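*Asks:* Sharing my_file.txt here; it has compact mmCIF, C-alpha atoms.
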# COMPACT_ATOMS: atom_id res chain seq x y z
CA MET A 184 11.40 -6.30 23.93
CA ASN A 185 14.46 -4.61 22.55
CA GLY A 186 17.65 -3.29 24.01
CA ALA A 187 17.46 0.08 22.27
CA ASP A 188 15.38 1.55 25.11
CA SER A 189 18.20 1.40 27.65
CA ASP A 190 20.14 4.56 28.51
CA THR A 191 23.45 3.26 27.27
CA PRO A 192 22.64 1.57 24.00
CA ASN A 193 24.99 -1.14 22.90
CA LEU A 194 25.19 -0.52 19.17
CA SER A 195 26.97 -3.68 18.11
CA GLY A 196 24.47 -6.11 16.57
CA HIS A 197 21.72 -3.53 17.03
CA VAL A 198 18.85 -3.53 14.50
CA PRO A 199 17.83 0.12 13.89
CA GLY A 200 14.23 0.77 14.95
CA GLU A 201 12.92 -2.74 15.46
CA PRO A 202 13.25 -5.91 13.39
CA GLY A 203 9.60 -5.86 12.17
CA LEU A 204 10.07 -2.44 10.59
CA TRP A 205 12.43 -3.94 8.05
CA VAL A 206 9.55 -5.95 6.56
CA LEU A 207 8.16 -2.59 5.42
CA ILE A 208 11.54 -1.15 4.39
CA PHE A 209 12.74 -4.12 2.34
CA GLY A 210 9.24 -4.83 1.02
CA ASP A 211 9.02 -1.26 -0.25
CA LEU A 212 12.51 -1.35 -1.75
CA LEU A 213 11.66 -4.60 -3.52
CA VAL A 214 8.53 -3.17 -5.11
CA PHE A 215 10.24 0.07 -6.07
CA GLY A 216 12.93 -2.11 -7.63
CA VAL A 217 10.22 -3.65 -9.84
CA LEU A 218 8.88 -0.18 -10.69
CA PHE A 219 12.36 1.06 -11.61
CA VAL A 220 12.99 -1.94 -13.85
CA THR A 221 9.61 -1.29 -15.54
CA TYR A 222 10.73 2.27 -16.29
CA ALA A 223 14.15 1.08 -17.45
CA VAL A 224 12.49 -1.27 -19.95
CA GLU A 225 10.36 1.60 -21.28
CA PHE A 226 13.49 3.76 -21.46
CA ALA A 227 15.42 1.09 -23.34
CA THR A 228 12.63 0.30 -25.83
CA ASN A 229 11.19 3.80 -26.38
CA GLY A 230 14.23 5.98 -25.69
CA ALA A 231 13.54 8.57 -28.37
CA ALA A 232 9.94 9.19 -27.27
CA VAL A 233 10.98 9.27 -23.61
CA HIS A 234 13.63 11.87 -24.42
CA LEU A 235 11.11 14.23 -26.08
CA SER A 236 9.08 14.42 -22.86
CA GLN A 237 11.97 14.10 -20.45
CA ILE A 238 13.70 17.29 -21.63
CA LYS A 239 10.67 19.24 -20.31
CA LEU A 240 11.59 18.33 -16.73
CA ASP A 241 13.28 21.00 -14.68
CA ARG A 242 16.42 19.39 -13.27
CA GLY A 243 16.98 22.43 -11.04
CA LEU A 244 13.71 21.76 -9.19
CA GLY A 245 14.58 18.09 -8.95
CA LEU A 246 17.97 19.00 -7.51
CA ALA A 247 16.34 21.46 -5.06
CA ASN A 248 14.05 18.68 -3.87
CA THR A 249 17.01 16.31 -3.50
CA ALA A 250 18.78 18.92 -1.36
CA LEU A 251 15.63 19.49 0.74
CA LEU A 252 15.16 15.78 1.48
CA LEU A 253 18.84 15.09 2.11
CA THR A 254 19.00 17.98 4.58
CA SER A 255 15.77 16.80 6.17
CA SER A 256 17.28 13.33 6.56
CA TRP A 257 20.37 14.90 8.12
CA CYS A 258 18.13 16.72 10.64
CA ILE A 259 16.28 13.57 11.67
CA ALA A 260 19.59 11.71 12.02
CA HIS A 261 20.73 14.48 14.37
CA ALA A 262 17.44 14.24 16.27
CA VAL A 263 18.28 10.56 16.89
CA ILE A 264 21.83 11.45 18.01
CA ALA A 265 20.48 14.17 20.32
CA ALA A 266 17.96 11.73 21.79
CA ARG A 267 20.70 9.18 22.36
CA LYS A 268 22.67 11.78 24.30
CA GLY A 269 19.58 13.00 26.17
CA LEU A 270 19.92 16.52 24.76
CA PRO A 271 16.97 18.97 24.52
CA GLN A 272 17.50 19.71 20.79
CA VAL A 273 15.50 16.68 19.65
CA ARG A 274 12.30 18.58 19.04
CA ARG A 275 14.08 21.38 17.16
CA PHE A 276 15.68 18.86 14.78
CA ILE A 277 12.35 17.07 14.25
CA TRP A 278 10.55 20.31 13.37
CA ALA A 279 13.40 21.32 11.05
CA ALA A 280 13.13 17.94 9.28
CA THR A 281 9.35 18.41 9.04
CA ALA A 282 9.67 21.94 7.62
CA LEU A 283 12.13 20.75 4.96
CA GLY A 284 9.75 17.91 4.07
CA VAL A 285 6.90 20.41 3.70
CA GLY A 286 9.22 22.41 1.43
CA PHE A 287 9.66 19.30 -0.72
CA VAL A 288 5.87 19.00 -1.05
CA GLY A 289 5.65 22.68 -2.02
CA VAL A 290 8.28 22.33 -4.75
CA LYS A 291 6.54 19.19 -6.02
CA ILE A 292 3.20 21.00 -6.24
CA ALA A 293 4.82 23.90 -8.12
CA GLU A 294 6.52 21.46 -10.49
CA TRP A 295 3.34 19.49 -11.17
CA SER A 296 1.30 22.68 -11.72
CA HIS A 297 3.89 23.87 -14.21
CA HIS A 298 3.68 20.64 -16.25
CA ILE A 299 -0.11 20.46 -16.07
CA GLY A 300 -0.29 24.14 -17.10
CA ASN A 301 1.82 23.27 -20.15
CA GLY A 302 -0.60 20.51 -21.08
CA ASP A 303 1.60 17.63 -19.95
CA THR A 304 -0.67 15.51 -17.79
CA LEU A 305 -0.90 11.90 -16.64
CA ASN A 306 -1.99 10.63 -20.05
CA SER A 307 0.03 12.92 -22.32
CA SER A 308 2.80 10.42 -22.97
CA SER A 309 4.07 7.23 -21.45
CA PHE A 310 6.93 9.22 -19.92
CA PHE A 311 4.55 11.60 -18.14
CA THR A 312 2.52 8.64 -16.88
CA PHE A 313 5.70 7.26 -15.28
CA TYR A 314 6.72 10.71 -14.06
CA PHE A 315 3.44 11.61 -12.38
CA MET A 316 2.75 8.14 -11.00
CA TYR A 317 6.21 7.48 -9.59
CA THR A 318 6.56 10.93 -8.08
CA GLY A 319 2.94 10.55 -6.86
CA ILE A 320 3.60 7.22 -5.12
CA HIS A 321 6.72 8.76 -3.65
CA LEU A 322 4.72 11.81 -2.52
CA LEU A 323 2.34 9.45 -0.71
CA HIS A 324 5.38 8.17 1.19
CA VAL A 325 6.45 11.76 1.96
CA LEU A 326 2.99 12.62 3.32
CA ILE A 327 2.91 9.51 5.52
CA GLY A 328 6.44 10.37 6.70
CA LEU A 329 5.42 13.95 7.49
CA GLY A 330 2.50 12.61 9.51
CA VAL A 331 4.92 10.43 11.48
CA LEU A 332 7.38 13.33 12.00
CA THR A 333 4.60 15.63 13.24
CA TRP A 334 3.46 12.93 15.66
CA LEU A 335 7.06 12.57 16.90
CA GLY A 336 7.42 16.33 17.37
CA LEU A 337 4.24 16.46 19.45
CA ARG A 338 5.44 13.61 21.65
CA CYS A 339 8.67 15.30 22.74
CA ALA A 340 8.88 16.40 26.36
CA PRO A 341 8.09 20.10 27.02
CA ASP A 342 11.83 20.89 27.23
CA GLY A 343 12.42 19.36 23.79
CA ARG A 344 13.98 16.08 24.97
CA TRP A 345 12.88 12.68 23.76
CA THR A 346 11.50 10.63 26.62
CA GLY A 347 9.49 8.07 24.64
CA SER A 348 10.61 4.78 23.16
CA PHE A 349 13.95 5.11 21.45
CA ALA A 350 13.01 2.42 18.93
CA THR A 351 9.99 4.49 17.83
CA LEU A 352 12.14 7.54 17.11
CA GLU A 353 14.85 5.54 15.40
CA GLY A 354 12.36 3.46 13.37
CA SER A 355 10.60 6.61 12.17
CA ALA A 356 13.99 8.05 11.17
CA VAL A 357 14.73 4.87 9.21
CA PHE A 358 11.44 5.28 7.31
CA TRP A 359 12.31 8.92 6.57
CA HIS A 360 15.71 7.84 5.22
CA LEU A 361 13.90 5.31 3.00
CA VAL A 362 11.76 8.15 1.59
CA ASP A 363 14.97 10.05 0.90
CA LEU A 364 16.68 7.06 -0.70
CA LEU A 365 13.71 6.41 -3.00
CA TRP A 366 13.73 10.05 -4.06
CA VAL A 367 17.42 9.94 -4.94
CA MET A 368 16.71 6.87 -7.10
CA ILE A 369 13.76 8.58 -8.80
CA PHE A 370 15.79 11.74 -9.38
CA ALA A 371 18.64 9.77 -10.94
CA LEU A 372 16.41 7.61 -13.13
CA ILE A 373 13.66 9.98 -14.24
CA TYR A 374 15.44 13.34 -14.26
CA LEU A 375 19.09 12.62 -14.91
CA LEU A 376 19.36 9.45 -16.97
CA ARG A 377 18.99 10.46 -20.62
CA MET B 244 -15.35 -20.22 22.46
CA ARG B 245 -13.23 -23.24 21.67
CA ASN B 246 -10.03 -22.79 19.72
CA GLY B 247 -11.25 -25.27 17.10
CA ALA B 248 -13.99 -22.90 15.99
CA LEU B 249 -11.51 -20.03 15.88
CA LYS B 250 -9.11 -22.05 13.75
CA LEU B 251 -11.91 -23.07 11.42
CA SER B 252 -12.83 -19.40 11.01
CA VAL B 253 -9.33 -18.61 9.79
CA PHE B 254 -9.87 -20.98 6.87
CA ALA B 255 -12.73 -18.85 5.57
CA GLY B 256 -9.90 -16.59 4.28
CA PRO B 257 -8.21 -19.13 1.98
CA LEU B 258 -11.64 -20.43 0.97
CA TRP B 259 -12.55 -16.90 -0.13
CA GLY B 260 -9.28 -16.67 -2.06
CA THR B 261 -9.82 -20.04 -3.71
CA LEU B 262 -13.35 -19.21 -4.87
CA PHE B 263 -12.09 -15.88 -6.18
CA PHE B 264 -9.28 -17.50 -8.12
CA ILE B 265 -11.45 -20.29 -9.56
CA ALA B 266 -13.92 -17.66 -10.76
CA LEU B 267 -11.28 -15.51 -12.46
CA TRP B 268 -9.03 -18.12 -13.93
CA PRO B 269 -10.55 -21.41 -15.09
CA LEU B 270 -14.11 -20.05 -15.37
CA MET B 271 -13.93 -16.51 -16.76
CA HIS B 272 -10.38 -16.64 -18.18
CA ILE B 273 -9.63 -13.11 -16.98
CA PHE B 274 -6.51 -13.96 -14.97
CA PRO B 275 -4.37 -12.27 -16.16
CA PRO B 276 -6.94 -9.62 -17.14
CA TYR B 277 -7.61 -8.83 -20.80
CA SER B 278 -6.26 -5.52 -22.09
CA PRO B 279 -8.47 -2.44 -21.61
CA MET B 280 -7.54 -1.66 -25.24
CA ASN B 281 -9.63 -4.61 -26.53
CA SER B 282 -12.50 -3.65 -28.83
CA ALA B 283 -16.13 -4.15 -27.86
CA ALA B 284 -16.33 -7.04 -30.35
CA GLN B 285 -13.30 -8.77 -28.80
CA VAL B 286 -14.60 -8.41 -25.24
CA ALA B 287 -18.11 -9.52 -26.21
CA ALA B 288 -16.70 -12.54 -28.08
CA HIS B 289 -14.69 -13.49 -24.96
CA VAL B 290 -17.74 -13.19 -22.70
CA ARG B 291 -19.93 -15.17 -25.13
CA GLU B 292 -17.30 -17.90 -25.45
CA TYR B 293 -17.13 -18.40 -21.69
CA GLN B 294 -20.76 -17.51 -20.95
CA THR B 295 -21.36 -20.36 -18.50
CA GLY B 296 -17.99 -19.71 -16.87
CA TYR B 297 -18.98 -16.06 -16.35
CA LEU B 298 -22.33 -16.98 -14.84
CA VAL B 299 -20.90 -19.64 -12.50
CA GLY B 300 -17.90 -17.42 -11.72
CA GLY B 301 -20.31 -14.60 -10.83
CA ILE B 302 -22.01 -16.91 -8.33
CA LEU B 303 -18.64 -17.89 -6.83
CA LEU B 304 -17.59 -14.25 -6.42
CA MET B 305 -20.87 -13.35 -4.73
CA THR B 306 -20.60 -16.45 -2.55
CA ALA B 307 -17.02 -15.56 -1.64
CA SER B 308 -18.17 -12.15 -0.43
CA ALA B 309 -20.72 -13.87 1.80
CA ILE B 310 -18.59 -16.61 3.37
CA VAL B 311 -15.48 -14.56 4.21
CA TRP B 312 -17.01 -13.11 7.39
CA PRO B 313 -15.64 -15.57 9.98
CA PHE B 314 -12.14 -14.69 8.72
CA ILE B 315 -12.83 -10.96 8.96
CA ALA B 316 -14.53 -11.38 12.34
CA ILE B 317 -11.52 -13.11 13.83
CA ILE B 318 -9.15 -10.37 12.62
CA LEU B 319 -11.49 -7.83 14.22
CA LEU B 320 -11.62 -9.78 17.51
CA TYR B 321 -7.84 -9.53 17.75
CA LEU B 322 -7.80 -5.84 16.81
CA ARG B 323 -10.48 -5.17 19.44
CA LYS B 324 -8.36 -7.04 21.97
CA ILE B 325 -5.32 -4.89 21.13
CA GLU B 326 -7.00 -1.49 21.00
CA ARG B 327 -7.58 -0.11 24.49
CA GLY B 328 -10.37 2.28 25.42
CA PHE B 329 -12.79 3.27 22.67
CA PRO B 330 -12.22 0.92 19.71
CA LEU B 331 -12.15 3.68 17.11
CA TRP B 332 -9.75 2.16 14.59
CA THR B 333 -11.19 -1.33 14.99
CA THR B 334 -14.58 0.12 14.08
CA VAL B 335 -13.07 1.92 11.08
CA THR B 336 -11.44 -1.32 9.93
CA ALA B 337 -14.73 -3.23 10.36
CA LEU B 338 -16.69 -0.70 8.32
CA VAL B 339 -14.12 -0.57 5.52
CA PHE B 340 -13.91 -4.37 5.39
CA THR B 341 -17.68 -4.39 4.98
CA TYR B 342 -17.80 -2.06 2.05
CA GLY B 343 -14.79 -3.78 0.49
CA GLN B 344 -16.79 -7.01 0.38
CA VAL B 345 -19.79 -5.20 -1.13
CA THR B 346 -17.55 -4.41 -4.10
CA VAL B 347 -16.71 -8.12 -4.42
CA PHE B 348 -20.43 -8.93 -4.46
CA LEU B 349 -21.11 -6.23 -7.07
CA CYS B 350 -18.15 -7.49 -9.12
CA GLY B 351 -19.81 -10.92 -9.36
CA LEU B 352 -23.09 -9.25 -10.24
CA ALA B 353 -21.51 -7.11 -12.99
CA PHE B 354 -19.92 -10.16 -14.65
CA THR B 355 -23.29 -11.96 -14.37
CA MET B 356 -24.93 -9.02 -16.14
CA ALA B 357 -22.27 -9.08 -18.87
CA ALA B 358 -22.96 -12.74 -19.65
CA PHE B 359 -26.68 -12.97 -18.90
CA ARG B 360 -27.89 -11.96 -22.40
CA PRO B 361 -25.35 -13.04 -25.02
CA ASP B 362 -27.59 -11.57 -27.76
CA ALA B 363 -27.10 -8.07 -26.30
CA SER B 364 -24.98 -5.60 -28.25
CA ASP B 365 -21.17 -5.81 -28.03
CA GLU B 366 -21.01 -2.37 -26.42
CA LEU B 367 -23.48 -3.30 -23.70
CA ILE B 368 -21.60 -6.51 -22.88
CA ARG B 369 -18.29 -4.66 -22.76
CA ALA B 370 -19.74 -1.96 -20.50
CA TRP B 371 -20.81 -4.53 -17.91
CA SER B 372 -17.56 -6.42 -18.25
CA ASP B 373 -15.63 -3.12 -17.78
CA LEU B 374 -17.61 -2.49 -14.61
CA GLY B 375 -16.66 -5.97 -13.40
CA MET B 376 -12.97 -5.29 -14.08
CA PHE B 377 -13.14 -1.98 -12.22
CA LEU B 378 -14.85 -3.60 -9.25
CA LEU B 379 -12.10 -6.20 -9.24
CA VAL B 380 -9.18 -3.74 -9.03
CA ILE B 381 -10.50 -0.42 -7.66
CA PRO B 382 -11.36 -1.78 -4.17
CA ALA B 383 -7.67 -1.04 -3.55
CA ILE B 384 -9.03 2.38 -2.50
CA PRO B 385 -10.96 1.22 0.58
CA GLY B 386 -8.30 -1.48 1.01
CA THR B 387 -5.62 1.15 1.63
CA THR B 388 -7.61 2.64 4.53
CA GLN B 389 -8.29 -0.80 5.97
CA TYR B 390 -4.62 -1.90 5.89
CA LEU B 391 -3.28 1.36 7.30
CA ALA B 392 -5.85 1.31 10.14
CA THR B 393 -5.01 -2.33 10.93
CA GLY B 394 -1.29 -1.55 10.93
CA ALA B 395 -1.80 1.48 13.20
CA ILE B 396 -3.74 -0.63 15.74
CA ILE B 397 -1.11 -3.38 15.86
CA LEU B 398 1.76 -0.91 16.28
CA GLN B 399 -0.13 0.82 19.14
CA ASP B 400 0.07 -2.37 21.18
CA ASP B 401 2.30 -1.58 24.18
CA ARG B 402 2.06 -4.97 25.89
CA PRO B 403 5.44 -6.56 26.66
CA ARG B 404 4.42 -9.45 24.43
CA PRO B 405 2.23 -7.98 21.64
CA ILE B 406 -1.06 -9.76 20.84
CA LEU B 407 -0.17 -9.79 17.14
CA PRO B 408 3.50 -9.52 16.07
CA ARG B 409 4.76 -6.07 15.18
CA TRP B 410 6.21 -7.16 11.84
CA TYR B 411 2.65 -8.00 10.84
CA GLY B 412 1.66 -4.40 11.65
CA TYR B 413 4.39 -3.14 9.32
CA LEU B 414 3.34 -5.69 6.71
CA ASN B 415 -0.16 -4.17 6.76
CA ILE B 416 1.24 -0.69 6.17
CA TRP B 417 3.31 -2.05 3.29
CA THR B 418 0.22 -3.73 1.81
CA GLY B 419 -1.77 -0.52 2.20
CA ILE B 420 0.78 1.69 0.46
CA LEU B 421 1.28 -0.70 -2.43
CA SER B 422 -2.41 -1.38 -3.01
CA ALA B 423 -2.99 2.33 -3.59
CA PRO B 424 -1.92 2.35 -7.29
CA GLY B 425 -5.01 0.21 -8.02
CA ALA B 426 -6.98 3.42 -7.51
CA VAL B 427 -5.93 4.94 -10.83
CA VAL B 428 -6.98 2.23 -13.31
CA GLY B 429 -9.76 4.47 -14.63
CA LEU B 430 -7.14 6.85 -16.04
CA PHE B 431 -5.23 4.43 -18.25
CA LYS B 432 -5.93 1.88 -20.96
CA ILE B 433 -2.30 0.88 -21.48
CA GLY B 434 0.93 0.78 -19.51
CA PRO B 435 1.88 -0.18 -15.94
CA PHE B 436 -1.12 1.57 -14.38
CA ALA B 437 -3.83 0.10 -16.61
CA TRP B 438 -5.96 -2.65 -15.03
CA ASN B 439 -3.68 -5.30 -16.52
CA GLY B 440 -0.47 -3.38 -15.73
CA ILE B 441 2.37 -4.27 -13.43
CA ALA B 442 1.80 -1.46 -10.91
CA ALA B 443 -2.00 -1.46 -10.79
CA PHE B 444 -2.63 -5.20 -11.07
CA TRP B 445 0.39 -7.44 -10.54
CA ILE B 446 2.00 -5.65 -7.59
CA PRO B 447 -1.29 -5.27 -5.64
CA ALA B 448 -2.18 -8.90 -6.51
CA VAL B 449 1.15 -10.30 -5.28
CA VAL B 450 1.15 -8.04 -2.21
CA PHE B 451 -2.40 -9.16 -1.42
CA GLY B 452 -1.30 -12.79 -1.76
CA VAL B 453 1.52 -12.16 0.72
CA TRP B 454 -0.91 -10.39 3.08
CA ILE B 455 -3.56 -13.12 3.12
CA THR B 456 -0.93 -15.85 3.63
CA ALA B 457 0.78 -13.94 6.45
CA THR B 458 -2.61 -13.19 8.04
CA GLN B 459 -3.45 -16.90 8.27
CA ILE B 460 -0.08 -17.75 9.79
CA VAL B 461 -0.30 -14.90 12.32
CA LEU B 462 -3.89 -15.72 13.31
CA LEU B 463 -3.24 -19.45 13.70
CA SER B 464 -0.20 -18.85 15.87
CA ALA B 465 -2.11 -16.29 18.00
CA ILE B 466 -4.95 -18.81 18.47
CA LYS B 467 -2.45 -21.48 19.44
CA ARG B 468 -1.11 -19.40 22.31
CA ASN B 469 -4.58 -18.23 23.41
CA ALA B 470 -3.82 -14.57 22.73
CA LEU B 471 -7.51 -13.63 23.07
CA GLN B 472 -7.40 -14.72 26.74
CA ASP B 473 -4.12 -12.88 27.26
CA ASN B 474 -4.31 -10.68 30.38
CA GLN B 475 -1.04 -8.79 30.28
CA PRO B 476 -1.35 -5.26 31.68
Please express the file's structure as structure tokens.

*Replies:*
Amino acid sequence: MNGADSDTPNLSGHVPGEPGLWVLIFGDLLVFGVLFVTYAVEFATNGAAVHLSQIKLDRGLGLANTALLLTSSWCIAHAVIAARKGLPQVRRFIWAATALGVGFVGVKIAEWSHHIGNGDTLNSSSFFTFYFMYTGIHLLHVLIGLGVLTWLGLRCAPDGRWTGSFATLEGSAVFWHLVDLLWVMIFALIYLLR
Amino acid sequence: MRNGALKLSVFAGPLWGTLFFIALWPLMHIFPPYSPMNSAAQVAAHVREYQTGYLVGGILLMTASAIVWPFIAIILLYLRKIERGFPLWTTVTALVFTYGQVTVFLCGLAFTMAAFRPDASDELIRAWSDLGMFLLVIPAIPGTTQYLATGAIILQDDRPRPILPRWYGYLNIWTGILSAPGAVVGLFKIGPFAWNGIAAFWIPAVVFGVWITATQIVLLSAIKRNALQDNQP
């Protein structure tokens, strides 16, 4: 069905993963685009109120999470490269990407607990509604992605090579990059833009 | 079974959608939904003004939940065909579809209750109307499970020529993820996640529209090439 499964992939004109996957990727980007515009409108019309809540965010934790996801994305990209070369490091890179993703979830939980402990919850202000809901929808993506990564890790050959469908590995990596990309957008919009 | 009957079954889907839309828009005038911030007097006045529309719309919603089954059955037939061995996820999808339609039935019933006694107090009318609004939007919760299970089945298909196209599997996952925000409407009365908000109402509504349209196209084309009789290894 697709040429990516051959041993010597011809990368010119190659659609990463499989064409159908991009329905999900572009569909998700489109809807997140709508969500980001919604936030931008709130930011433009209620800037002062947004600022009062926004300064409570810890940019350091946001930056830590950005670093975790970017590194995780780097690991999964290297898993794909290792699989392409038939190397046994595929599983190690997948588990490293998974561990970094779990780290992201841990930081997110700590961050949320901190805000909730300070009395800033979903309904405290329109900014915190956006903050919790957008990071929550993103977290749902992270959890689905971690499920996919775990499944990939378990499907590696005993020696750590990837023997399954190349398109499956590459498509999963594309989804994980999407999760990363969305986070970078959220970090820039919600944490940094003031 | 002849293909004609299968094709006819597919049209139970758009019929369901049409009844749903007629009930909400020209009859009850709740498309787009009224704001959850409206006072009891405002909501009660709206229900009393369109009392007949609410009662007839309630019947249409309950009817919709009863006539959609050929459409659901045909989706399930294809999923059963795809899933090898024990049809675990097909069964999950079937059960979740079933309770999703119970919420549609109860939604019609709640709006009927809201309009049945226009001399009832404003608060009572609003309470039933609120229940109707929740039953309209909150089924996104079971919907998410249903779409993700459907997507997982389609992507499991390892036949050289898949029974249902793989992009449709990904489309189901997309629909599932983006329906999820409908779950939180109980938390908000204003903003993008209230029941008239962009994230909890408009995005799931548009995504659902895309899903039901794509489903018809995919099913009709699968029927056309006799995918149910497909005997690929």

*Asks:* So that I can see what lies close to region 276-278 of chain A, please list as a PyMOL selection string the residues with an atom at most 12 Å from it, counting all atoms listed in the file and leaving out residues fewer than 4 positions away in the same chain.

*Replies:* chain A and resi 254-266+270-272+282-285+328-339+343-345+352-353+355-356+359

*Asks:* Those same residues - C-alpha atoms - I'd like them written as an mmCIF file, in the frame of the given file.

*Replies:*
data_model
loop_
_atom_site.group_PDB
_atom_site.id
_atom_site.type_symbol
_atom_site.label_atom_id
_atom_site.label_comp_id
_atom_site.auth_asym_id
_atom_site.auth_seq_id
_atom_site.Cartn_x
_atom_site.Cartn_y
_atom_site.Cartn_z
ATOM 1 C CA THR A 254 19.000 17.980 4.580
ATOM 2 C CA SER A 255 15.770 16.800 6.170
ATOM 3 C CA SER A 256 17.280 13.330 6.560
ATOM 4 C CA TRP A 257 20.370 14.900 8.120
ATOM 5 C CA CYS A 258 18.130 16.720 10.640
ATOM 6 C CA ILE A 259 16.280 13.570 11.670
ATOM 7 C CA ALA A 260 19.590 11.710 12.020
ATOM 8 C CA HIS A 261 20.730 14.480 14.370
ATOM 9 C CA ALA A 262 17.440 14.240 16.270
ATOM 10 C CA VAL A 263 18.280 10.560 16.890
ATOM 11 C CA ILE A 264 21.830 11.450 18.010
ATOM 12 C CA ALA A 265 20.480 14.170 20.320
ATOM 13 C CA ALA A 266 17.960 11.730 21.790
ATOM 14 C CA LEU A 270 19.920 16.520 24.760
ATOM 15 C CA PRO A 271 16.970 18.970 24.520
ATOM 16 C CA GLN A 272 17.500 19.710 20.790
ATOM 17 C CA ALA A 282 9.670 21.940 7.620
ATOM 18 C CA LEU A 283 12.130 20.750 4.960
ATOM 19 C CA GLY A 284 9.750 17.910 4.070
ATOM 20 C CA VAL A 285 6.900 20.410 3.700
ATOM 21 C CA GLY A 328 6.440 10.370 6.700
ATOM 22 C CA LEU A 329 5.420 13.950 7.490
ATOM 23 C CA GLY A 330 2.500 12.610 9.510
ATOM 24 C CA VAL A 331 4.920 10.430 11.480
ATOM 25 C CA LEU A 332 7.380 13.330 12.000
ATOM 26 C CA THR A 333 4.600 15.630 13.240
ATOM 27 C CA TRP A 334 3.460 12.930 15.660
ATOM 28 C CA LEU A 335 7.060 12.570 16.900
ATOM 29 C CA GLY A 336 7.420 16.330 17.370
ATOM 30 C CA LEU A 337 4.240 16.460 19.450
ATOM 31 C CA ARG A 338 5.440 13.610 21.650
ATOM 32 C CA CYS A 339 8.670 15.300 22.740
ATOM 33 C CA GLY A 343 12.420 19.360 23.790
ATOM 34 C CA ARG A 344 13.980 16.080 24.970
ATOM 35 C CA TRP A 345 12.880 12.680 23.760
ATOM 36 C CA LEU A 352 12.140 7.540 17.110
ATOM 37 C CA GLU A 353 14.850 5.540 15.400
ATOM 38 C CA SER A 355 10.600 6.610 12.170
ATOM 39 C CA ALA A 356 13.990 8.050 11.170
ATOM 40 C CA TRP A 359 12.310 8.920 6.570
#

*Asks:* Take the point (10.8, -1.4, 11.8) as written in the file and pick out every residue within 9 Å of it, counting all atoms listed in the file; give the list as a list of chain:residue names.

*Replies:*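 Every polymer residue passing the test: A:Val198, A:Pro199, A:Gly200, A:Glu201, A:Pro202, A:Gly203, A:Leu204, A:Trp205, A:Val206, A:Leu207, A:Ile208, A:Ala350, A:Thr351, A:Glu353, A:Gly354, A:Ser355, A:Val357, A:Phe358, B:Arg409, B:Trp410, B:Tyr413.
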
*Asks:* Mind pulling up the distance from CA of Met271 (chain B) to CA of Gly296 (chain B)?

*Replies:* 5.2 Å

*Asks:* Rank B:Phe264, B:Trp445, B:Phe377, B:Trp259 by their smallest atom-to-atom distance to chain A, using only C-alpha atoms, and report the top residue only.

*Replies:* B:Trp445

*Asks:* Excluding Phe263 (chain B) and its own-chain neighbours fewer than 5 positions away, which residues fall within 7 Å of it when counting all atoms listed in the file? Please give them as a PyMOL selection string.

*Replies:* chain B and resi 303-304+307

*Asks:* Scan for residues within 9 Å of the point (1.7, 3.4, 13.9) in the coordinates of the file, using all atoms listed in the file, and reply as an NGL selection string.

*Replies:* (:A and (331)) or (:B and (391-392 or 394-399 or 412-413 or 416))

*Asks:* Between CA of Ala363 (chain B) and CA of Phe444 (chain B), what is the distance, to one decimal in Å?

*Replies:*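 Computed distance, CA of Ala363 (chain B) to CA of Phe444 (chain B), equals 29.0 Å.
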
*Asks:* Using all atoms listed in the file, determine which residues lie at most 10 Å from Thr387 (chain B), disregarding the query and same-chain residues fewer than 3 positions distant; provide the list as a ChimeraX atom specification.

*Replies:* /B:339,382-384,390-393,415-426

*Asks:* Which residues of chain A have any atom within 10 Å of an atom in chain B when counting all atoms listed in the file, and what is the closest pair of atoms for each, with the distance in Å to one decimal? Order the rows by chain and rising number and write it as a tab-separated table.

*Replies:*
residue	atom	partner	partner_atom	distance
A:Met184	CA	B:Pro403	CA	6.6
A:Glu201	CA	B:Trp410	CA	8.8
A:Pro202	CA	B:Trp410	CA	7.3
A:Gly203	CA	B:Trp410	CA	3.6
A:Leu204	CA	B:Tyr413	CA	5.9
A:Trp205	CA	B:Trp410	CA	8.0
A:Val206	CA	B:Leu414	CA	6.2
A:Leu207	CA	B:Trp417	CA	5.3
A:Ile208	CA	B:Trp417	CA	8.4
A:Phe209	CA	B:Trp417	CA	9.7
A:Gly210	CA	B:Trp417	CA	6.9
A:Asp211	CA	B:Trp417	CA	6.8
A:Val214	CA	B:Ile446	CA	7.4
A:Phe215	CA	B:Leu421	CA	9.7
A:Val217	CA	B:Ile441	CA	8.7
A:Leu218	CA	B:Ala442	CA	7.2
A:Thr221	CA	B:Pro435	CA	7.8
A:Tyr222	CA	B:Pro435	CA	9.2
A:Glu225	CA	B:Gly434	CA	9.6
A:Leu305	CA	B:Leu430	CA	8.0
A:Asn306	CA	B:Phe431	CA	7.2
A:Ser309	CA	B:Gly434	CA	7.4
A:Thr312	CA	B:Phe436	CA	8.3
A:Phe313	CA	B:Pro435	CA	8.4
A:Met316	CA	B:Pro424	CA	8.3
A:Tyr317	CA	B:Pro424	CA	9.9
A:Gly319	CA	B:Pro424	CA	9.5
A:Ile320	CA	B:Pro424	CA	7.7
A:Leu323	CA	B:Ile420	CA	8.0
A:His324	CA	B:Ile420	CA	8.0
A:Ile327	CA	B:Ile420	CA	9.6
A:Thr351	CA	B:Leu398	CA	10.0

*Asks:* Go ahead and compute the interatomic distance for CA of Gly243 (chain A) and CA of Thr228 (chain A), in Å to one decimal.

*Replies:*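 Taking CA of Gly243 (chain A) and CA of Thr228 (chain A), their separation equals 27.0 Å.
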